[in-house]
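Chemist: Okay, so here is structure-v5.cif, and as you'll see once you scroll down, it has mmCIF, C-alpha atoms (C1' of nucleotides).
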```
data_upload
#
loop_
_atom_site.label_atom_id
_atom_site.label_comp_id
_atom_site.auth_asym_id
_atom_site.auth_seq_id
_atom_site.Cartn_x
_atom_site.Cartn_y
_atom_site.Cartn_z
CA MET P 30 -22.97 -16.69 32.57
CA SER P 31 -25.46 -13.85 32.79
CA GLU P 32 -24.93 -10.72 30.79
CA ARG P 33 -24.33 -8.77 33.95
CA GLU P 34 -21.56 -11.08 34.99
CA LEU P 35 -20.20 -10.95 31.49
CA ARG P 36 -20.02 -7.21 31.65
CA ARG P 37 -18.35 -7.25 35.04
CA ASN P 38 -15.76 -9.66 33.70
CA LEU P 39 -14.91 -7.60 30.66
CA ALA P 40 -11.22 -6.79 31.03
CA ILE P 41 -11.19 -3.25 29.71
CA LEU P 42 -9.61 -1.09 32.41
CA PRO P 43 -5.95 -0.04 32.34
CA ILE P 44 -3.90 0.03 35.51
CA GLY P 45 -4.20 3.79 35.85
CA THR P 46 -7.94 3.49 36.25
CA ILE P 47 -7.48 0.72 38.78
CA ARG P 48 -5.09 2.91 40.70
CA GLU P 49 -7.70 5.63 40.90
CA LEU P 50 -10.58 3.33 41.77
CA THR P 51 -8.74 1.42 44.48
CA LEU P 52 -6.21 3.97 45.71
CA LEU P 53 -3.57 1.26 45.47
CA THR P 54 -0.19 1.95 43.87
CA ASP P 55 0.93 0.31 40.65
CA ARG P 56 3.55 -1.51 42.66
CA GLN P 57 0.95 -3.03 44.94
CA ILE P 58 -1.33 -4.05 42.11
CA ARG P 59 1.52 -5.75 40.25
CA TYR P 60 2.72 -7.43 43.41
CA TYR P 61 -0.73 -8.90 44.01
CA GLU P 62 -0.81 -10.09 40.44
CA GLN P 63 2.60 -11.66 40.89
CA ASN P 64 1.14 -13.53 43.85
CA GLU P 65 -1.84 -14.59 41.76
CA LEU P 66 -4.44 -12.72 43.76
CA VAL P 67 -5.64 -11.07 40.54
CA SER P 68 -5.12 -12.12 36.94
CA PRO P 69 -5.60 -9.25 34.51
CA THR P 70 -5.42 -10.05 30.82
CA ARG P 71 -3.06 -8.23 28.49
CA GLY P 72 -3.87 -5.87 25.65
CA LYS P 73 -2.24 -5.90 22.24
CA GLY P 74 0.85 -4.05 23.41
CA GLY P 75 1.20 -6.13 26.56
CA GLN P 76 -0.50 -3.75 28.97
CA ARG P 77 -2.72 -5.03 31.74
CA ARG P 78 -6.49 -4.95 31.33
CA PHE P 79 -8.61 -5.30 34.47
CA SER P 80 -12.31 -5.95 34.96
CA LEU P 81 -14.75 -4.53 37.47
CA ASN P 82 -14.50 -7.84 39.27
CA ASP P 83 -10.78 -7.25 39.63
CA VAL P 84 -11.58 -3.94 41.29
CA ASP P 85 -13.71 -5.82 43.82
CA ARG P 86 -10.95 -8.32 44.29
CA LEU P 87 -8.34 -5.65 44.94
CA LEU P 88 -10.54 -3.84 47.42
CA GLU P 89 -11.02 -7.12 49.27
CA ILE P 90 -7.28 -7.71 49.30
CA LYS P 91 -6.81 -4.26 50.74
CA ASP P 92 -9.24 -5.01 53.54
CA PHE P 93 -7.65 -8.34 54.36
CA LEU P 94 -4.19 -6.82 54.48
CA ASP P 95 -5.44 -4.01 56.69
CA ALA P 96 -6.93 -6.67 58.94
CA GLY P 97 -3.52 -8.28 59.35
CA ASP P 98 -3.79 -11.15 56.90
CA SER P 99 -0.75 -12.00 54.80
CA ILE P 100 -0.69 -12.53 51.06
CA LYS P 101 -0.57 -16.26 51.67
CA ASP P 102 -3.55 -16.07 53.99
CA ILE P 103 -5.46 -14.28 51.29
CA GLN P 104 -4.45 -16.84 48.69
CA GLU P 105 -5.99 -19.51 50.90
CA ILE P 106 -9.10 -17.49 51.57
CA PHE P 107 -9.67 -17.06 47.85
CA ALA P 108 -8.95 -20.73 47.20
CA LYS P 109 -11.61 -21.64 49.76
CA GLN P 110 -14.08 -19.26 48.15
CA ARG P 111 -13.47 -20.90 44.80
CA ARG P 112 -14.07 -24.34 46.25
CA LYS P 113 -17.32 -23.21 47.81
CA ALA P 114 -18.44 -21.65 44.52
CA VAL P 115 -18.02 -24.89 42.60
CA GLY P 116 -21.30 -26.20 41.26
CA LYS P 117 -23.21 -23.19 42.44
CA GLN P 118 -25.76 -22.21 39.82
CA ASP P 119 -26.69 -18.73 38.77
CA SER P 120 -29.81 -17.69 40.54
CA GLU P 121 -31.88 -14.61 40.88
CA SER P 122 -30.69 -14.16 44.44
CA ALA P 123 -27.07 -14.51 43.39
CA LEU P 124 -27.61 -11.82 40.84
CA ARG P 125 -29.18 -9.60 43.43
CA ARG P 126 -26.27 -10.16 45.76
CA SER P 127 -23.73 -9.33 43.08
CA LEU P 128 -25.65 -6.18 42.33
CA GLN P 129 -25.45 -5.18 45.97
CA LYS P 130 -21.72 -5.78 45.98
CA GLU P 131 -21.44 -3.63 42.92
CA PHE P 132 -23.29 -0.81 44.57
CA ALA P 133 -21.22 -1.16 47.71
CA GLN P 134 -18.08 -0.77 45.66
CA ILE P 135 -19.28 2.33 43.91
CA GLY P 136 -20.43 3.76 47.20
CA ARG P 137 -16.97 3.24 48.56
CA PHE P 138 -15.45 5.03 45.60
CA ASN P 139 -17.72 8.02 46.07
CA HIS P 140 -17.45 8.08 49.85
CA MET Q 250 -29.00 10.32 40.57
CA SER Q 251 -29.19 6.62 41.30
CA GLU Q 252 -26.08 4.65 42.03
CA ARG Q 253 -26.50 2.80 38.78
CA GLU Q 254 -26.53 6.00 36.81
CA LEU Q 255 -23.60 7.23 38.83
CA ARG Q 256 -21.62 4.16 37.89
CA ARG Q 257 -22.54 4.45 34.25
CA ASN Q 258 -21.38 8.05 34.29
CA LEU Q 259 -18.01 7.34 35.84
CA ALA Q 260 -15.49 8.52 33.27
CA ILE Q 261 -12.84 5.85 33.62
CA LEU Q 262 -12.31 4.40 30.16
CA PRO Q 263 -9.41 5.44 27.91
CA ILE Q 264 -9.89 5.87 24.20
CA GLY Q 265 -8.30 2.53 23.41
CA THR Q 266 -11.03 0.75 25.30
CA ILE Q 267 -13.66 2.81 23.53
CA ARG Q 268 -12.10 1.89 20.22
CA GLU Q 269 -12.43 -1.78 21.06
CA LEU Q 270 -15.95 -1.55 22.47
CA THR Q 271 -17.37 0.50 19.60
CA LEU Q 272 -15.16 -0.51 16.68
CA LEU Q 273 -14.79 3.17 15.86
CA THR Q 274 -11.39 4.68 15.04
CA ASP Q 275 -9.70 7.25 17.26
CA ARG Q 276 -10.21 9.75 14.47
CA GLN Q 277 -13.94 9.19 14.46
CA ILE Q 278 -14.25 9.38 18.21
CA ARG Q 279 -12.30 12.64 18.35
CA TYR Q 280 -14.28 14.07 15.48
CA TYR Q 281 -17.53 13.36 17.27
CA GLU Q 282 -16.14 14.97 20.39
CA GLN Q 283 -15.09 17.99 18.36
CA ASN Q 284 -18.70 18.21 17.21
CA GLU Q 285 -19.91 17.91 20.79
CA LEU Q 286 -21.70 14.63 20.34
CA VAL Q 287 -19.73 13.24 23.27
CA SER Q 288 -17.88 15.06 26.03
CA PRO Q 289 -15.27 12.88 27.70
CA THR Q 290 -13.45 14.33 30.70
CA ARG Q 291 -9.68 14.50 30.84
CA GLY Q 292 -7.30 12.65 33.11
CA LYS Q 293 -4.28 14.15 34.84
CA GLY Q 294 -2.10 14.03 31.75
CA GLY Q 295 -4.80 15.35 29.48
CA GLN Q 296 -6.01 12.04 28.13
CA ARG Q 297 -9.67 11.41 27.45
CA ARG Q 298 -11.76 9.46 29.96
CA PHE Q 299 -15.06 8.04 28.74
CA SER Q 300 -17.99 6.55 30.62
CA LEU Q 301 -20.23 3.62 29.74
CA ASN Q 302 -22.86 6.17 28.78
CA ASP Q 303 -20.41 7.55 26.25
CA VAL Q 304 -20.11 4.07 24.79
CA ASP Q 305 -23.89 4.01 24.35
CA ARG Q 306 -23.77 7.45 22.85
CA LEU Q 307 -21.11 6.48 20.33
CA LEU Q 308 -22.97 3.37 19.29
CA GLU Q 309 -26.05 5.49 18.72
CA ILE Q 310 -24.04 7.93 16.64
CA LYS Q 311 -22.75 5.05 14.57
CA ASP Q 312 -26.28 3.86 13.92
CA PHE Q 313 -27.52 7.32 12.97
CA LEU Q 314 -24.62 7.85 10.58
CA ASP Q 315 -25.18 4.44 9.03
CA ALA Q 316 -28.82 5.43 8.59
CA GLY Q 317 -27.78 8.48 6.60
CA ASP Q 318 -28.05 11.20 9.23
CA SER Q 319 -25.40 13.90 9.29
CA ILE Q 320 -23.48 15.06 12.34
CA LYS Q 321 -25.72 18.11 12.50
CA ASP Q 322 -28.82 15.95 12.33
CA ILE Q 323 -27.52 13.96 15.24
CA GLN Q 324 -26.76 17.09 17.21
CA GLU Q 325 -30.39 18.08 16.83
CA ILE Q 326 -31.65 14.65 17.71
CA PHE Q 327 -29.64 14.69 20.91
CA ALA Q 328 -30.76 18.22 21.69
CA LYS Q 329 -34.38 17.08 21.36
CA GLN Q 330 -33.73 14.12 23.61
CA ARG Q 331 -32.30 16.44 26.25
CA ARG Q 332 -35.33 18.69 26.06
CA LYS Q 333 -37.65 15.74 26.48
CA ALA Q 334 -35.66 14.49 29.44
CA VAL Q 335 -36.02 17.77 31.31
CA GLY Q 336 -38.06 17.39 34.44
CA LYS Q 337 -38.35 13.65 34.00
CA GLN Q 338 -37.91 11.96 37.34
CA ASP Q 339 -36.08 8.73 38.01
CA SER Q 340 -38.56 5.93 38.09
CA GLU Q 341 -38.41 2.22 38.40
CA SER Q 342 -39.40 1.84 34.79
CA ALA Q 343 -36.69 4.25 33.68
CA LEU Q 344 -34.16 2.19 35.56
CA ARG Q 345 -35.47 -0.96 33.94
CA ARG Q 346 -35.24 0.63 30.53
CA SER Q 347 -31.66 1.76 31.10
CA LEU Q 348 -30.80 -1.74 32.23
CA GLN Q 349 -32.19 -3.12 29.01
CA LYS Q 350 -30.14 -0.65 27.00
CA GLU Q 351 -27.10 -1.71 28.93
CA PHE Q 352 -27.70 -5.33 28.14
CA ALA Q 353 -28.33 -4.53 24.52
CA GLN Q 354 -24.96 -2.83 24.32
CA ILE Q 355 -23.09 -5.72 25.86
CA GLY Q 356 -24.92 -8.09 23.61
CA ARG Q 357 -23.82 -6.11 20.64
CA PHE Q 358 -20.21 -6.25 21.82
CA ASN Q 359 -20.29 -10.00 22.21
CA HIS Q 360 -22.35 -10.77 19.16
"C1'" DG D 99 -16.85 21.05 -11.02
"C1'" DT D 100 -16.41 22.96 -6.66
"C1'" DA D 101 -17.56 23.06 -1.74
"C1'" DT D 102 -18.61 20.34 2.25
"C1'" DC D 103 -18.48 16.27 5.07
"C1'" DA D 104 -16.55 12.36 7.34
"C1'" DT D 105 -12.58 9.98 7.63
"C1'" DG D 106 -7.69 8.47 6.62
"C1'" DT D 107 -2.91 9.24 7.34
"C1'" DC D 108 1.36 11.15 8.93
"C1'" DA D 109 4.50 13.69 12.02
"C1'" DT D 110 5.88 14.97 16.45
"C1'" DA D 111 5.38 15.29 21.39
"C1'" DT D 112 3.89 13.79 25.86
"C1'" DA D 113 1.88 10.48 29.02
"C1'" DA D 114 1.18 5.87 30.54
"C1'" DC D 115 2.81 1.57 31.27
"C1'" DC D 116 6.34 -2.28 31.31
"C1'" DT D 117 10.16 -5.00 33.59
"C1'" DA D 118 13.93 -5.47 36.52
"C1'" DA D 119 16.74 -4.20 40.13
"C1'" DC D 120 17.93 -2.33 44.43
"C1'" DA D 121 16.36 -0.08 48.88
"C1'" DT D 122 13.73 -0.20 53.22
"C1'" DA D 123 10.67 -0.44 57.11
"C1'" DT D 124 8.35 -3.75 59.86
"C1'" DA D 125 7.62 -8.03 61.60
"C1'" DT D 126 9.40 -12.90 62.47
"C1'" DT D 127 12.61 -16.44 63.62
"C1'" DC D 128 16.63 -18.49 65.43
"C1'" DG Z 32 19.73 -9.04 68.73
"C1'" DA Z 33 21.29 -10.50 64.17
"C1'" DA Z 34 19.43 -12.72 60.23
"C1'" DT Z 35 15.14 -13.51 57.30
"C1'" DA Z 36 10.98 -12.64 55.25
"C1'" DT Z 37 7.25 -9.53 53.76
"C1'" DA Z 38 5.17 -5.75 51.54
"C1'" DT Z 39 6.16 -1.66 49.43
"C1'" DG Z 40 9.01 2.38 47.67
"C1'" DT Z 41 11.98 4.07 44.18
"C1'" DT Z 42 14.71 4.49 40.09
"C1'" DA Z 43 16.20 3.50 35.39
"C1'" DG Z 44 15.53 2.53 30.55
"C1'" DG Z 45 12.51 0.91 27.13
"C1'" DT Z 46 7.94 0.30 24.73
"C1'" DT Z 47 3.11 1.43 23.91
"C1'" DA Z 48 -0.75 4.64 23.97
"C1'" DT Z 49 -2.61 8.96 23.35
"C1'" DA Z 50 -2.60 14.02 21.97
"C1'" DT Z 51 -2.69 17.62 18.52
"C1'" DG Z 52 -2.39 19.52 14.05
"C1'" DA Z 53 -1.89 19.33 9.22
"C1'" DC Z 54 -2.72 17.63 4.82
"C1'" DA Z 55 -5.06 14.12 1.75
"C1'" DT Z 56 -9.26 11.93 -0.12
"C1'" DG Z 57 -13.59 9.68 -1.52
"C1'" DA Z 58 -18.31 10.66 -1.50
"C1'" DT Z 59 -22.26 13.79 -1.69
"C1'" DA Z 60 -24.53 18.00 -2.55
"C1'" DC Z 61 -25.20 22.11 -4.88
#
```
In structure tokens, write the structure found in this file.
Modeler:
Amino acid sequence: MSERELRRNLAILPIGTIRELTLLTDRQIRYYEQNELVSPTRGKGGQRRFSLNDVDRLLEIKDFLDAGDSIKDIQEIFAKQRRKAVGKQDSESALRRSLQKEFAQIGRFNH
Amino acid sequence: MSERELRRNLAILPIGTIRELTLLTDRQIRYYEQNELVSPTRGKGGQRRFSLNDVDRLLEIKDFLDAGDSIKDIQEIFAKQRRKAVGKQDSESALRRSLQKEFAQIGRFNH
DNA sequence: GTATCATGTCATATAACCTAACATATATTC
DNA sequence: GAATATATGTTAGGTTATATGACATGATAC
């Protein structure tokens, strides 16, 4: 895993930050976790820790729900994505794409 | 300001995260803030919010202190850095340098 | 040896987060 | 159209995290 990906996977953000970055409610975030759409780790005291990738994930979920997809639909969509990603190697172009996604997310936050 | 810089300046990290990323104690972090070496913003309830740049900053402070510099020394060092940075334009090479610093920091965390 | 510096520690208060349960509006199914 | 399912709101009670301020302390400097 590249260092960039490593950084984006660092689970360091508490739910309050996620709430602000995604404009989702705690209830929604926990519900999506319950349905295994995101899998935050837990800190020492049992509190959720999210990564920047989780932020992406949650914004995607939001879009899918807005588009009329159900939680189950989204579970399948993500499962398909995972299958496609199997065996795919890190590449310069993949890195570039992930960078673009990152920028897109920040742009959204600072609309 | 570039989007990368924007992202690195987003104050979204609580002190607990900073503690883990820097291995500093809360006491140290607050003391450095008190001495204006870092300037976290405050969230709704008054809690500190740090950025990734603050993490860099704190790691630098740590190094300077380990090297025998005093808080006041470090204040002056930072003041000098700010003066040098005045009028400096964003450039590709600056971006590349900041990227390297970013990687260095993550590397340190995962050493 | 006394003053300063950087940090530890403790007390007390508030904010953030946790889980679980019940409520509800909207859409779906029979 | 009554019953079900889905996604979310809301409330309650408990635990963890963070804030501030005060006092303590080991090291260094003078």
Chemist: So what does the PyMOL selection byres ((chain Z) within 10 of (chain P)) actually pick up in this one, as a PyMOL selection string?
Modeler: chain Z and resi 37-40+46-48
Chemist: Let me know the residues the PyMOL selection byres ((chain D) within 12 of (chain Q)) catches in the file above, as a list in words.
Modeler: DT102, DC103, DA104, DT105, DG106, DT107, DT112, DA113 and DA114 of chain D
Chemist: Report, in Å to a single decimal, how far apart atom C1' of Z:DT41 and atom CA of P:Ser80 are.
Modeler: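 Atom C1' of Z:DT41 lies 27.8 Å from atom CA of P:Ser80.
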Chemist: Give me the result of the PyMOL selection byres ((chain D and resi 109) around 9) on this file, residue by residue, as a list in words.
Modeler: DC108 and DT110 of chain D; DA53 of chain Z
